[in-house]
Amino acid sequence: FRKISNKIVLITGASSGIGESCAKMFYENGNHIILCGRRVDRLNKLKDQLVLNNAGGKVFACQVDVSSMDSIDKMFNELPEEMKAIDILVNNAGLSLGMDAVVDIDARNDLDSVIDTNVKGVFRLTRKILPGMIQRNSGHIFNISSIAGSMFYQNGSIYCASKAAVNAFSDIVRKEVVSTKIRVTNVCPGLVETEFSLVRFGGDSDKAKKPYIGIDPLTADDIADNIYYCASRPEHVQVTTIEVMANNQASTRDIYRDQ
Ligand code: NDP
Ligand code: 8X3
């Protein structure tokens, strides 16, 4: 087991699910954490919880909507000076809204929200943080994509396209920083039981539970564990892509359910 500590880690979407688990994992190992998300009450609660365990690192909670450039700029202005040199960026904030055929999608709301968050958010955060990493010749960027970015399914056009864009972005940034010590890891999970499904189905908890019925799904901690593993490899080791699925999942649509 290798440890990584004393790094400044910025995590988007730290108010629940995978982002929250990453925050705990990195903090417990002695790193400094910047928690980002829209629900600042949740971030503050998580901050209190982390600090109570006192693993030695600093925690800064910051309300930010990654779909808005103004909100991102405001966050950077508010960051404490000693937390500005970000070592690890976890571009995790993301969502899916609905499951509709192309002809039925809500272009005004769902299309814009998902693309602005999942795609533009990743571009914008990276553009903000990468120049400093290049200057320092060090850093690690994790982009949380999905198996949906390469294994497409009907009624998933917006989400699948958004994650395909993240895959392309990760690959291209990695190529652009190939002469530096910066690492880029693209993370492609399968089904993970978080609030993702509740958000996708507009708060309908019966619909939200369905994808996880009869399967032992991945947890947010499983993904955080994989991300921490990649971050803690020796500096010359760049894990470029991780694809992680539950044991009974083989693709977005090949799932064995025991029920
Ligand atoms: P959750 O819904 O539990 O968490 C999503 C997080 O993203 C929340 O903290 C939410 O915070 C944040 N978020 C959403 N929109 C914005 C925004 N505009 N600005 C800032 N933060 C935002 O889901 P997961 O933990 O599962 O999702 C995390 C990532 O993992 C996503 O990118 C998702 O696509 C990906 N993923 C999830 C899988 C799954 O099956 N769960 C599988 C594969 C990939 P807040 O609402 O407070 O802003
Ligand atoms: C989320 C997994 O299969 O619902 O990225 O698209 S899936």
# chains A, B, ... in the order shown; residues from 1 in each chain; ligands from 1

$ residues_around --residues "Gln249 (chain A)" --least-positions-apart "5" --cutoff "12 Å" --atoms "only C-alpha atoms" --output "list of chain:residue names"
A:Ile147, A:Pro189, A:Gly190, A:Leu191, A:Val192, A:Pro211, A:Tyr212, A:Gly214, A:Ile215, A:Asp216, A:Pro217, A:Leu218, A:Glu243, A:Val244, A:Asp254, A:Ile255, A:Tyr256, A:Arg257, A:Asp258

$ closest_atom_pairs --of "chain A" --to "ligand 2" --cutoff "9 Å" --atoms "only C-alpha atoms and all ligand atoms" --output "tab-separated table"
residue	atom	partner	partner_atom_place_in_ligand_line	distance
A:Leu95	CA	ligand 2	5 (O)	8.4
A:Ser96	CA	ligand 2	1 (C)	7.9
A:Ser145	CA	ligand 2	5 (O)	7.3
A:Ser146	CA	ligand 2	5 (O)	4.5
A:Ile147	CA	ligand 2	5 (O)	6.2
A:Ala148	CA	ligand 2	6 (O)	4.6
A:Gly149	CA	ligand 2	5 (O)	8.0
A:Met151	CA	ligand 2	3 (O)	8.5
A:Phe152	CA	ligand 2	6 (O)	8.2
A:Tyr153	CA	ligand 2	6 (O)	8.1
A:Gly156	CA	ligand 2	6 (O)	7.4
A:Tyr159	CA	ligand 2	6 (O)	7.2
A:Cys160	CA	ligand 2	6 (O)	7.0
A:Lys163	CA	ligand 2	5 (O)	8.1
A:Cys188	CA	ligand 2	5 (O)	7.8
A:Pro189	CA	ligand 2	5 (O)	6.6
A:Gly190	CA	ligand 2	2 (C)	5.1
A:Leu191	CA	ligand 2	2 (C)	4.8
A:Val192	CA	ligand 2	2 (C)	7.1
A:Phe196	CA	ligand 2	1 (C)	7.6
A:Ser197	CA	ligand 2	4 (O)	7.5
A:Arg200	CA	ligand 2	4 (O)	8.9
A:Pro211	CA	ligand 2	4 (O)	7.7
A:Ser251	CA	ligand 2	3 (O)	8.0
A:Thr252	CA	ligand 2	3 (O)	4.7
A:Arg253	CA	ligand 2	3 (O)	7.4

$ atom_distance --atom1 "atom 13 (N, counted along the ligand's line) of ligand 1" --atom2 "CA of Val239 (chain A)"
25.0 Å

$ atom_distance --atom1 "CA of Ile18 (chain A)" --atom2 "atom 7 (O, counted along the ligand's line) of ligand 1"
8.5 Å

$ select_by_dssp --residues "region 78-251 of chain A" --states "strand (DSSP E)" --output "list of chain:residue names"
A:Ile88, A:Leu89, A:Val90, A:Asn91, A:His140, A:Ile141, A:Phe142, A:Asn143, A:Ile144, A:Arg183, A:Val184, A:Thr185, A:Asn186, A:Val187, A:Cys188, A:Pro189, A:Val192, A:Glu193, A:Leu218, A:Thr219, A:Thr241, A:Ile242, A:Glu243, A:Val244

$ residues_around --residues "region 114-127 of chain A" --least-positions-apart "5" --cutoff "6 Å" --atoms "only C-alpha atoms" --output "PDB file with C-alpha atoms, in the first residue's frame"
ATOM      1  CA  VAL A  66     -19.354  24.214 -12.561  1.00  0.00           C
ATOM      2  CA  SER A  67     -21.754  24.991 -15.385  1.00  0.00           C
ATOM      3  CA  ASN A  91     -13.365  16.585 -12.235  1.00  0.00           C
ATOM      4  CA  GLY A  94     -21.831  15.430 -13.304  1.00  0.00           C
ATOM      5  CA  SER A 162     -21.226  14.050 -22.779  1.00  0.00           C
TER       6      SER A 162
END

$ closest_residue --among "A:Phe26, A:Tyr228, A:Phe142, A:Phe1" --to "ligand 1" --atoms "only C-alpha atoms and all ligand atoms"
A:Phe142

$ atom_distance --atom1 "CA of Val40 (chain A)" --atom2 "CA of Ile11 (chain A)"
13.5 Å

$ select_by_dssp --residues "region 73-220 of chain A" --states "helix (DSSP H, G or I)" --output "MDAnalysis selection string"
chainID A and resid 73:78 81:83 102:104 107:136 147:149 157:176 196:200 205:212 220

$ write_last_selection --atoms "C-alpha atoms" --output "PDB file, in the first residue's frame"
ATOM      1  CA  ASP A  73     -14.042  32.462 -11.287  1.00  0.00           C
ATOM      2  CA  LYS A  74     -15.651  33.478  -7.979  1.00  0.00           C
ATOM      3  CA  MET A  75     -14.487  30.240  -6.355  1.00  0.00           C
ATOM      4  CA  PHE A  76     -10.901  30.833  -7.453  1.00  0.00           C
ATOM      5  CA  ASN A  77     -10.978  34.337  -6.053  1.00  0.00           C
ATOM      6  CA  GLU A  78     -12.186  32.958  -2.718  1.00  0.00           C
ATOM      7  CA  GLU A  81      -3.722  31.707  -1.029  1.00  0.00           C
ATOM      8  CA  GLU A  82      -2.081  28.576   0.434  1.00  0.00           C
ATOM      9  CA  MET A  83      -4.563  26.330  -1.380  1.00  0.00           C
ATOM     10  CA  VAL A 102     -33.596  12.119 -29.205  1.00  0.00           C
ATOM     11  CA  VAL A 103     -36.953  13.279 -30.575  1.00  0.00           C
ATOM     12  CA  ASP A 104     -38.357  13.620 -27.041  1.00  0.00           C
ATOM     13  CA  ALA A 107     -33.499  20.453 -25.214  1.00  0.00           C
ATOM     14  CA  ARG A 108     -33.913  23.619 -23.207  1.00  0.00           C
ATOM     15  CA  ASN A 109     -33.296  22.146 -19.780  1.00  0.00           C
ATOM     16  CA  ASP A 110     -31.737  18.672 -19.944  1.00  0.00           C
ATOM     17  CA  LEU A 111     -29.482  19.161 -22.960  1.00  0.00           C
ATOM     18  CA  ASP A 112     -27.986  22.414 -21.723  1.00  0.00           C
ATOM     19  CA  SER A 113     -27.644  21.401 -18.058  1.00  0.00           C
ATOM     20  CA  VAL A 114     -25.909  18.113 -18.804  1.00  0.00           C
ATOM     21  CA  ILE A 115     -23.569  19.452 -21.485  1.00  0.00           C
ATOM     22  CA  ASP A 116     -22.782  22.598 -19.467  1.00  0.00           C
ATOM     23  CA  THR A 117     -21.950  20.514 -16.383  1.00  0.00           C
ATOM     24  CA  ASN A 118     -20.440  17.273 -17.705  1.00  0.00           C
ATOM     25  CA  VAL A 119     -18.545  18.737 -20.642  1.00  0.00           C
ATOM     26  CA  LYS A 120     -18.044  22.473 -20.254  1.00  0.00           C
ATOM     27  CA  GLY A 121     -17.472  22.126 -16.493  1.00  0.00           C
ATOM     28  CA  VAL A 122     -14.591  19.697 -17.081  1.00  0.00           C
ATOM     29  CA  PHE A 123     -13.079  21.933 -19.779  1.00  0.00           C
ATOM     30  CA  ARG A 124     -13.378  25.070 -17.665  1.00  0.00           C
ATOM     31  CA  LEU A 125     -11.982  23.670 -14.410  1.00  0.00           C
ATOM     32  CA  THR A 126      -9.096  22.118 -16.309  1.00  0.00           C
ATOM     33  CA  ARG A 127      -8.345  25.354 -18.161  1.00  0.00           C
ATOM     34  CA  LYS A 128      -8.280  27.144 -14.815  1.00  0.00           C
ATOM     35  CA  ILE A 129      -5.959  24.691 -13.027  1.00  0.00           C
ATOM     36  CA  LEU A 130      -3.757  23.177 -15.732  1.00  0.00           C
ATOM     37  CA  PRO A 131      -1.628  26.312 -16.382  1.00  0.00           C
ATOM     38  CA  GLY A 132      -0.416  26.241 -12.743  1.00  0.00           C
ATOM     39  CA  MET A 133       0.322  22.535 -13.003  1.00  0.00           C
ATOM     40  CA  ILE A 134       2.339  23.147 -16.180  1.00  0.00           C
ATOM     41  CA  GLN A 135       4.255  25.931 -14.444  1.00  0.00           C
ATOM     42  CA  ARG A 136       5.070  23.640 -11.497  1.00  0.00           C
ATOM     43  CA  ILE A 147     -18.676   3.306 -19.387  1.00  0.00           C
ATOM     44  CA  ALA A 148     -21.591   5.168 -21.029  1.00  0.00           C
ATOM     45  CA  GLY A 149     -18.950   7.209 -22.858  1.00  0.00           C
ATOM     46  CA  SER A 157     -27.948  10.376 -26.152  1.00  0.00           C
ATOM     47  CA  ILE A 158     -27.110  13.444 -24.057  1.00  0.00           C
ATOM     48  CA  TYR A 159     -25.356  11.600 -21.236  1.00  0.00           C
ATOM     49  CA  CYS A 160     -23.462   9.159 -23.477  1.00  0.00           C
ATOM     50  CA  ALA A 161     -22.340  11.985 -25.778  1.00  0.00           C
ATOM     51  CA  SER A 162     -21.226  14.050 -22.779  1.00  0.00           C
ATOM     52  CA  LYS A 163     -19.068  11.215 -21.465  1.00  0.00           C
ATOM     53  CA  ALA A 164     -17.687  10.436 -24.940  1.00  0.00           C
ATOM     54  CA  ALA A 165     -16.582  14.080 -24.959  1.00  0.00           C
ATOM     55  CA  VAL A 166     -14.878  13.599 -21.580  1.00  0.00           C
ATOM     56  CA  ASN A 167     -13.031  10.546 -22.955  1.00  0.00           C
ATOM     57  CA  ALA A 168     -11.776  12.590 -25.899  1.00  0.00           C
ATOM     58  CA  PHE A 169     -10.827  15.504 -23.639  1.00  0.00           C
ATOM     59  CA  SER A 170      -8.802  13.287 -21.270  1.00  0.00           C
ATOM     60  CA  ASP A 171      -6.966  11.722 -24.168  1.00  0.00           C
ATOM     61  CA  ILE A 172      -6.165  15.071 -25.765  1.00  0.00           C
ATOM     62  CA  VAL A 173      -5.019  16.778 -22.547  1.00  0.00           C
ATOM     63  CA  ARG A 174      -2.765  13.788 -21.823  1.00  0.00           C
ATOM     64  CA  LYS A 175      -1.207  14.218 -25.266  1.00  0.00           C
ATOM     65  CA  GLU A 176      -0.780  17.962 -24.766  1.00  0.00           C
ATOM     66  CA  PHE A 196     -27.028   9.713  -9.550  1.00  0.00           C
ATOM     67  CA  SER A 197     -30.137   7.702 -10.345  1.00  0.00           C
ATOM     68  CA  LEU A 198     -32.356   9.841  -8.111  1.00  0.00           C
ATOM     69  CA  VAL A 199     -31.187  12.928  -9.991  1.00  0.00           C
ATOM     70  CA  ARG A 200     -31.638  11.219 -13.373  1.00  0.00           C
ATOM     71  CA  SER A 205     -37.093   6.935  -5.694  1.00  0.00           C
ATOM     72  CA  ASP A 206     -38.898   3.859  -7.095  1.00  0.00           C
ATOM     73  CA  LYS A 207     -37.503   4.478 -10.560  1.00  0.00           C
ATOM     74  CA  ALA A 208     -34.130   5.379  -9.058  1.00  0.00           C
ATOM     75  CA  LYS A 209     -33.795   2.048  -7.228  1.00  0.00           C
ATOM     76  CA  LYS A 210     -34.461  -0.073 -10.329  1.00  0.00           C
ATOM     77  CA  PRO A 211     -30.978  -0.086 -11.908  1.00  0.00           C
ATOM     78  CA  TYR A 212     -29.527  -1.564  -8.688  1.00  0.00           C
ATOM     79  CA  ALA A 220     -18.816   5.411  -4.236  1.00  0.00           C
TER      80      ALA A 220
END

$ closest_residue --among "A:Ala61, A:Met25, A:Val9, A:Val90" --to "Asp41 (chain A)" --atoms "only C-alpha atoms"
A:Ala61
